[in-house]
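Right, one structure below, let's go through it.
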Amino acid sequence: MSLLTIMFVADVCGRPGRQAAAYLIKPMREEFSVDLVIANIENAAGGFGITPEMSRKMFTYGIDVQTSGNHIWDRVQILDYLNETPKLLRPANFPATGVPGNGSYVAAVGDHKVAVLNLMGRVYMANTDCPFQVADEEVRRLKEKTPTIFIDFHAEATSEKQAMAHYLDGNVSAVIGTHTHVATADEKISGRGTAYLTDAGMTGPHDSIIGMDKGPSLGRFLTGMPKRFTTATDDVKMCGVILKVDPEDGSAKHIERFSREFDLATFQNSSQPDVD
């Protein structure tokens with residue numbers, strides 16, 4: 001049985017996260033013989049949104065499909081680009097009309113196909129269409145094309161993420177949570193073949209408060225006053241998961257978390273990726 005290897009790169013935060021992705025993804029693709037790389041890039045531009053130019057560059061780092069979440073709208077210039085670039089997803093449970101872009105993409109991987117579906121939670125999040133009902137519709141449609149379906153569920157509440165995994169158990173290959181930037185240690189594969197992780201963590205500076213400089217974040221908690229957040233710079237890591245999936249039935253066979261440290265100084269003599 002030849003399994004597909006899928007690598008998911010957790011929320012890329014700011015320039016440090018982009019640098020880590022630029023230098024680490026391709027070596028990891030080779031190390032794990034990865035067939036498809038998916039990355040959540042919604043915080044790539046200073047921790048808030050992404051620009052078209054950044055998205056284009058990040059595809060050159062070895063990313064095949066880009067997912068997002070609530071911050072996808074933070075840079076207005078991304079709106080037209082979403083319609084032009086089907087490999088950059090926004091959550092599928094935004095309204096079907098009047099919203100640019102797509103919530104899913106089917107990638108060709110050799111003789112097989114992998115569907116990537118982006119959903120967003122509603123608990124402590126923006127009011128969107130029901131992710132469970134939209135998942136029903138999307139999974140039913142995507143299964144006509146492939147049994148291998150990967151879901152990036154961008155949500156705040158642990159309970160909502162767990163609920164989605166149980167709801168779709170046996171019908172999708174993986175439900176991987178994003179948004180909190182804090183990796184959890186509850187990776188598992190159900191008896192029906194669905195891999196799950198509550199949150200894949202963050203690709204960016206971990207000496208921070210979810211990627212931002214600690215000072216302004218602490219000031220906001222202490223005083224309640226608005227502060228300008230800027231991306232931190234220290235203790236940079238690329239986090240995510242490696243999955244192995246049977247392409248014949250879409251069942252997950254292996255899930256493994258990873259956390260790779262990144263120090264730009266150690267790469268100074270290597271070829272320089274294009275990171276703005």
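Chain lettering (A, B, ...) mirrors the order of the structure tokens, residue numbering begins at 1 for each chain separately, and ligand numbering begins at 1 in order of display.
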Could you name the residues that touch A:Pro131 at 10 Å or less, counting only C-alpha atoms, but leaving out those on the same chain fewer than 2 positions away, as a PDB file with N, CA, C and O atoms, in the first residue's frame?
ATOM      1  N   PRO A  91     -12.316  30.632   4.538  1.00  0.00           N
ATOM      2  CA  PRO A  91     -13.274  29.676   5.103  1.00  0.00           C
ATOM      3  C   PRO A  91     -14.518  29.508   4.233  1.00  0.00           C
ATOM      4  O   PRO A  91     -15.107  30.481   3.770  1.00  0.00           O
ATOM      5  N   ALA A  92     -14.906  28.259   4.025  1.00  0.00           N
ATOM      6  CA  ALA A  92     -16.019  27.943   3.135  1.00  0.00           C
ATOM      7  C   ALA A  92     -17.360  28.373   3.697  1.00  0.00           C
ATOM      8  O   ALA A  92     -18.332  28.499   2.947  1.00  0.00           O
ATOM      9  N   ASN A  93     -17.438  28.606   5.012  1.00  0.00           N
ATOM     10  CA  ASN A  93     -18.735  28.944   5.602  1.00  0.00           C
ATOM     11  C   ASN A  93     -18.987  30.430   5.723  1.00  0.00           C
ATOM     12  O   ASN A  93     -19.827  30.866   6.523  1.00  0.00           O
ATOM     13  N   PHE A  94     -18.285  31.250   4.919  1.00  0.00           N
ATOM     14  CA  PHE A  94     -18.758  32.608   4.674  1.00  0.00           C
ATOM     15  C   PHE A  94     -19.906  32.514   3.668  1.00  0.00           C
ATOM     16  O   PHE A  94     -20.050  31.509   2.970  1.00  0.00           O
ATOM     17  N   ASN A 118     -11.402  24.436   3.989  1.00  0.00           N
ATOM     18  CA  ASN A 118     -11.137  25.430   5.030  1.00  0.00           C
ATOM     19  C   ASN A 118     -12.471  25.832   5.669  1.00  0.00           C
ATOM     20  O   ASN A 118     -13.399  26.260   4.969  1.00  0.00           O
ATOM     21  N   LEU A 119     -12.585  25.654   6.984  1.00  0.00           N
ATOM     22  CA  LEU A 119     -13.790  26.031   7.717  1.00  0.00           C
ATOM     23  C   LEU A 119     -13.408  26.914   8.891  1.00  0.00           C
ATOM     24  O   LEU A 119     -12.275  26.871   9.379  1.00  0.00           O
ATOM     25  N   MET A 120     -14.368  27.705   9.384  1.00  0.00           N
ATOM     26  CA  MET A 120     -14.124  28.570  10.530  1.00  0.00           C
ATOM     27  C   MET A 120     -15.208  28.364  11.576  1.00  0.00           C
ATOM     28  O   MET A 120     -16.393  28.236  11.247  1.00  0.00           O
ATOM     29  N   GLY A 121     -14.798  28.322  12.837  1.00  0.00           N
ATOM     30  CA  GLY A 121     -15.746  28.149  13.925  1.00  0.00           C
ATOM     31  C   GLY A 121     -16.548  29.400  14.206  1.00  0.00           C
ATOM     32  O   GLY A 121     -16.251  30.491  13.709  1.00  0.00           O
ATOM     33  N   ARG A 122     -17.574  29.247  15.036  1.00  0.00           N
ATOM     34  CA  ARG A 122     -18.443  30.379  15.393  1.00  0.00           C
ATOM     35  C   ARG A 122     -18.390  30.740  16.871  1.00  0.00           C
ATOM     36  O   ARG A 122     -18.837  31.828  17.245  1.00  0.00           O
ATOM     37  N   THR A 128     -20.680  33.548  11.207  1.00  0.00           N
ATOM     38  CA  THR A 128     -20.666  33.030   9.837  1.00  0.00           C
ATOM     39  C   THR A 128     -21.723  31.939   9.714  1.00  0.00           C
ATOM     40  O   THR A 128     -22.413  31.609  10.675  1.00  0.00           O
ATOM     41  N   ASP A 129     -21.842  31.382   8.522  1.00  0.00           N
ATOM     42  CA  ASP A 129     -22.756  30.263   8.331  1.00  0.00           C
ATOM     43  C   ASP A 129     -22.290  29.069   9.171  1.00  0.00           C
ATOM     44  O   ASP A 129     -21.115  28.968   9.535  1.00  0.00           O
ATOM     45  N   GLN A 133     -23.055  22.430   8.917  1.00  0.00           N
ATOM     46  CA  GLN A 133     -23.911  22.267   7.745  1.00  0.00           C
ATOM     47  C   GLN A 133     -23.115  22.468   6.460  1.00  0.00           C
ATOM     48  O   GLN A 133     -23.303  21.732   5.483  1.00  0.00           O
ATOM     49  N   VAL A 134     -22.232  23.450   6.459  1.00  0.00           N
ATOM     50  CA  VAL A 134     -21.396  23.675   5.276  1.00  0.00           C
ATOM     51  C   VAL A 134     -20.454  22.487   5.067  1.00  0.00           C
ATOM     52  O   VAL A 134     -20.223  22.064   3.928  1.00  0.00           O
ATOM     53  N   ALA A 135     -19.935  21.921   6.148  1.00  0.00           N
ATOM     54  CA  ALA A 135     -19.082  20.736   6.030  1.00  0.00           C
ATOM     55  C   ALA A 135     -19.844  19.593   5.380  1.00  0.00           C
ATOM     56  O   ALA A 135     -19.306  18.883   4.518  1.00  0.00           O
ATOM     57  N   ASP A 136     -21.101  19.396   5.775  1.00  0.00           N
ATOM     58  CA  ASP A 136     -21.925  18.355   5.146  1.00  0.00           C
ATOM     59  C   ASP A 136     -21.953  18.514   3.634  1.00  0.00           C
ATOM     60  O   ASP A 136     -21.697  17.575   2.879  1.00  0.00           O
ATOM     61  N   GLU A 137     -22.283  19.722   3.196  1.00  0.00           N
ATOM     62  CA  GLU A 137     -22.428  19.994   1.767  1.00  0.00           C
ATOM     63  C   GLU A 137     -21.094  19.837   1.038  1.00  0.00           C
ATOM     64  O   GLU A 137     -21.018  19.214  -0.034  1.00  0.00           O
ATOM     65  N   PHE A 153      -9.676  23.468  10.326  1.00  0.00           N
ATOM     66  CA  PHE A 153     -10.802  24.060  11.051  1.00  0.00           C
ATOM     67  C   PHE A 153     -10.256  25.168  11.941  1.00  0.00           C
ATOM     68  O   PHE A 153      -9.659  24.927  12.984  1.00  0.00           O
ATOM     69  N   GLU A 160     -15.610  23.058  20.117  1.00  0.00           N
ATOM     70  CA  GLU A 160     -16.138  23.117  18.752  1.00  0.00           C
ATOM     71  C   GLU A 160     -15.253  22.306  17.805  1.00  0.00           C
ATOM     72  O   GLU A 160     -15.757  21.626  16.900  1.00  0.00           O
ATOM     73  N   MET A 164     -16.427  18.952  15.733  1.00  0.00           N
ATOM     74  CA  MET A 164     -16.312  18.784  14.282  1.00  0.00           C
ATOM     75  C   MET A 164     -15.644  17.454  13.949  1.00  0.00           C
ATOM     76  O   MET A 164     -16.054  16.755  13.004  1.00  0.00           O
TER      77      MET A 164
END
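Of the residues in stretch 99-159 of chain A, those given helix (DSSP H, G or I) by DSSP on the backbone are Pro131, Phe132, Gln133, Val134, Ala135, Asp136, Glu137, Glu138, Val139, Arg140, Arg141, Leu142, Thr158 and Ser159 of chain A.
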I want to know what sits within 10 Å of A:Arg15, based on only C-alpha atoms, with residues of the same chain fewer than 2 positions away left out; could you give that as a PyMOL selection string? chain A and resi 12-13+17-21+43-47+204-205+231-233+275-276
Each residue of stretch 21-83 of chain A with at least one atom at most 12 Å from stretch 234-256 of chain A should appear once, together with its nearest atom pair and the corresponding distance in Å (one decimal); atoms considered: only C-alpha atoms; ordering: chain, then increasing residue number; output as JSON lines.
{"residue": "A:Ala21", "atom": "CA", "partner": "A:Met238", "partner_atom": "CA", "distance": 6.9}
{"residue": "A:Ala22", "atom": "CA", "partner": "A:Met238", "partner_atom": "CA", "distance": 10.3}
{"residue": "A:Tyr23", "atom": "CA", "partner": "A:Met238", "partner_atom": "CA", "distance": 10.1}
{"residue": "A:Leu24", "atom": "CA", "partner": "A:Met238", "partner_atom": "CA", "distance": 7.7}
{"residue": "A:Ile25", "atom": "CA", "partner": "A:Met238", "partner_atom": "CA", "distance": 8.8}
{"residue": "A:Met28", "atom": "CA", "partner": "A:Ile242", "partner_atom": "CA", "distance": 10.0}
{"residue": "A:Arg29", "atom": "CA", "partner": "A:Ile242", "partner_atom": "CA", "distance": 10.1}
{"residue": "A:Glu31", "atom": "CA", "partner": "A:Ile242", "partner_atom": "CA", "distance": 11.3}
{"residue": "A:Phe32", "atom": "CA", "partner": "A:Ile242", "partner_atom": "CA", "distance": 8.3}
{"residue": "A:Ser33", "atom": "CA", "partner": "A:Ile242", "partner_atom": "CA", "distance": 10.5}
{"residue": "A:Val34", "atom": "CA", "partner": "A:Ile242", "partner_atom": "CA", "distance": 8.4}
{"residue": "A:Asp35", "atom": "CA", "partner": "A:Lys244", "partner_atom": "CA", "distance": 9.8}
{"residue": "A:Leu36", "atom": "CA", "partner": "A:Leu243", "partner_atom": "CA", "distance": 10.0}
{"residue": "A:Val37", "atom": "CA", "partner": "A:Ile242", "partner_atom": "CA", "distance": 9.4}
{"residue": "A:Ile38", "atom": "CA", "partner": "A:Gly240", "partner_atom": "CA", "distance": 9.8}
{"residue": "A:Ala39", "atom": "CA", "partner": "A:Gly240", "partner_atom": "CA", "distance": 8.7}
{"residue": "A:Asn40", "atom": "CA", "partner": "A:Gly240", "partner_atom": "CA", "distance": 9.9}
Would you save the residues of that selection, restricted to C-alpha atoms, as an mmCIF file, in the first residue's frame?
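For reference, selection_13.cif as written:
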data_model
loop_
_atom_site.group_PDB
_atom_site.id
_atom_site.type_symbol
_atom_site.label_atom_id
_atom_site.label_comp_id
_atom_site.auth_asym_id
_atom_site.auth_seq_id
_atom_site.Cartn_x
_atom_site.Cartn_y
_atom_site.Cartn_z
ATOM 1 C CA ALA A 21 8.735 28.647 6.079
ATOM 2 C CA ALA A 22 11.075 29.859 3.332
ATOM 3 C CA TYR A 23 14.070 27.945 4.678
ATOM 4 C CA LEU A 24 12.503 24.867 6.308
ATOM 5 C CA ILE A 25 9.622 23.641 4.146
ATOM 6 C CA MET A 28 11.260 18.846 5.278
ATOM 7 C CA ARG A 29 9.502 17.939 2.032
ATOM 8 C CA GLU A 31 13.154 14.509 4.558
ATOM 9 C CA PHE A 32 9.630 13.089 4.824
ATOM 10 C CA SER A 33 9.019 12.504 1.078
ATOM 11 C CA VAL A 34 6.031 14.822 1.305
ATOM 12 C CA ASP A 35 3.498 14.714 -1.524
ATOM 13 C CA LEU A 36 1.487 17.814 -0.593
ATOM 14 C CA VAL A 37 2.172 20.831 1.627
ATOM 15 C CA ILE A 38 -0.693 22.861 3.080
ATOM 16 C CA ALA A 39 -0.018 25.997 5.141
ATOM 17 C CA ASN A 40 -2.232 28.432 7.007
#
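Going from atom CA of A:Leu168 over to atom CA of A:Lys145, you cover 17.4 Å.
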In stretch 139-253 of chain A, what's strand (DSSP E or B) per DSSP? Answer as a VMD selection string? chain A and resid 149 to 154 174 to 178 188 to 189 195 to 197 202 to 205 209 212 231 236 to 245 252 to 253
Just-selected residues, N, CA and C atoms written as a compact mmCIF listing (two decimals), in the first residue's frame:
# COMPACT_ATOMS: atom_id res chain seq x y z
N ILE A 149 -9.72 13.84 2.11
CA ILE A 149 -10.19 15.20 2.41
C ILE A 149 -9.51 15.68 3.69
N PHE A 150 -8.78 16.77 3.57
CA PHE A 150 -8.09 17.41 4.69
C PHE A 150 -8.85 18.68 5.07
N ILE A 151 -9.13 18.85 6.37
CA ILE A 151 -9.85 20.04 6.83
C ILE A 151 -8.98 20.85 7.78
N ASP A 152 -8.79 22.12 7.46
CA ASP A 152 -8.25 23.11 8.39
C ASP A 152 -9.45 23.78 9.04
N PHE A 153 -9.68 23.47 10.33
CA PHE A 153 -10.80 24.06 11.05
C PHE A 153 -10.26 25.17 11.94
N HIS A 154 -10.49 26.40 11.51
CA HIS A 154 -9.95 27.59 12.16
C HIS A 154 -10.95 28.05 13.22
N ALA A 174 -8.71 14.04 7.77
CA ALA A 174 -8.13 14.76 8.91
C ALA A 174 -8.92 16.02 9.21
N VAL A 175 -9.05 16.31 10.50
CA VAL A 175 -9.55 17.59 10.99
C VAL A 175 -8.45 18.17 11.86
N ILE A 176 -7.78 19.21 11.36
CA ILE A 176 -6.67 19.82 12.08
C ILE A 176 -7.06 21.25 12.45
N GLY A 177 -6.96 21.56 13.74
CA GLY A 177 -7.35 22.87 14.22
C GLY A 177 -6.26 23.91 14.10
N THR A 178 -6.68 25.14 13.83
CA THR A 178 -5.78 26.29 13.81
C THR A 178 -6.45 27.45 14.55
N LYS A 188 -4.43 12.20 17.35
CA LYS A 188 -4.94 10.82 17.38
C LYS A 188 -5.55 10.48 16.03
N ILE A 189 -5.77 9.20 15.82
CA ILE A 189 -6.52 8.71 14.66
C ILE A 189 -7.66 7.87 15.20
N ALA A 195 -7.85 11.49 11.27
CA ALA A 195 -6.82 12.06 12.13
C ALA A 195 -7.32 13.37 12.71
N TYR A 196 -6.87 13.67 13.93
CA TYR A 196 -7.34 14.88 14.60
C TYR A 196 -6.23 15.48 15.46
N LEU A 197 -6.19 16.82 15.49
CA LEU A 197 -5.35 17.58 16.40
C LEU A 197 -6.09 18.88 16.70
N MET A 202 1.87 27.32 15.83
CA MET A 202 2.24 28.54 15.09
C MET A 202 3.62 28.39 14.47
N THR A 203 3.78 28.95 13.30
CA THR A 203 5.09 29.09 12.67
C THR A 203 5.49 30.55 12.82
N GLY A 204 6.40 30.81 13.75
CA GLY A 204 6.75 32.19 14.05
C GLY A 204 7.46 32.29 15.38
N PRO A 205 7.49 33.50 15.98
CA PRO A 205 8.23 33.72 17.22
C PRO A 205 7.47 33.24 18.45
N ILE A 209 3.50 36.59 22.90
CA ILE A 209 2.13 36.23 23.25
C ILE A 209 1.40 35.99 21.94
N MET A 212 2.91 37.96 19.06
CA MET A 212 3.08 39.41 19.18
C MET A 212 4.05 39.76 20.31
N THR A 231 4.81 42.14 15.52
CA THR A 231 5.29 40.76 15.59
C THR A 231 6.58 40.67 16.38
N VAL A 236 12.07 31.45 17.17
CA VAL A 236 11.24 31.15 15.99
C VAL A 236 11.21 29.64 15.75
N LYS A 237 10.02 29.12 15.52
CA LYS A 237 9.84 27.70 15.24
C LYS A 237 8.80 27.53 14.13
N MET A 238 8.96 26.47 13.36
CA MET A 238 7.92 26.07 12.42
C MET A 238 7.24 24.83 12.99
N CYS A 239 5.94 24.95 13.21
CA CYS A 239 5.17 23.86 13.80
C CYS A 239 4.14 23.34 12.79
N GLY A 240 3.67 22.13 13.05
CA GLY A 240 2.65 21.56 12.17
C GLY A 240 2.53 20.07 12.38
N VAL A 241 2.00 19.39 11.38
CA VAL A 241 1.81 17.94 11.47
C VAL A 241 2.16 17.28 10.14
N ILE A 242 2.62 16.03 10.25
CA ILE A 242 2.82 15.15 9.10
C ILE A 242 1.74 14.08 9.16
N LEU A 243 1.05 13.89 8.06
CA LEU A 243 0.00 12.87 7.97
C LEU A 243 0.35 11.87 6.87
N LYS A 244 -0.02 10.62 7.10
CA LYS A 244 0.05 9.61 6.05
C LYS A 244 -1.36 9.06 5.84
N VAL A 245 -1.79 9.06 4.59
CA VAL A 245 -3.18 8.73 4.26
C VAL A 245 -3.21 7.69 3.14
N ALA A 252 -6.71 7.91 7.41
CA ALA A 252 -5.41 8.30 7.95
C ALA A 252 -4.76 7.11 8.62
N LYS A 253 -3.46 6.97 8.42
CA LYS A 253 -2.71 5.87 9.00
C LYS A 253 -1.65 6.34 10.00
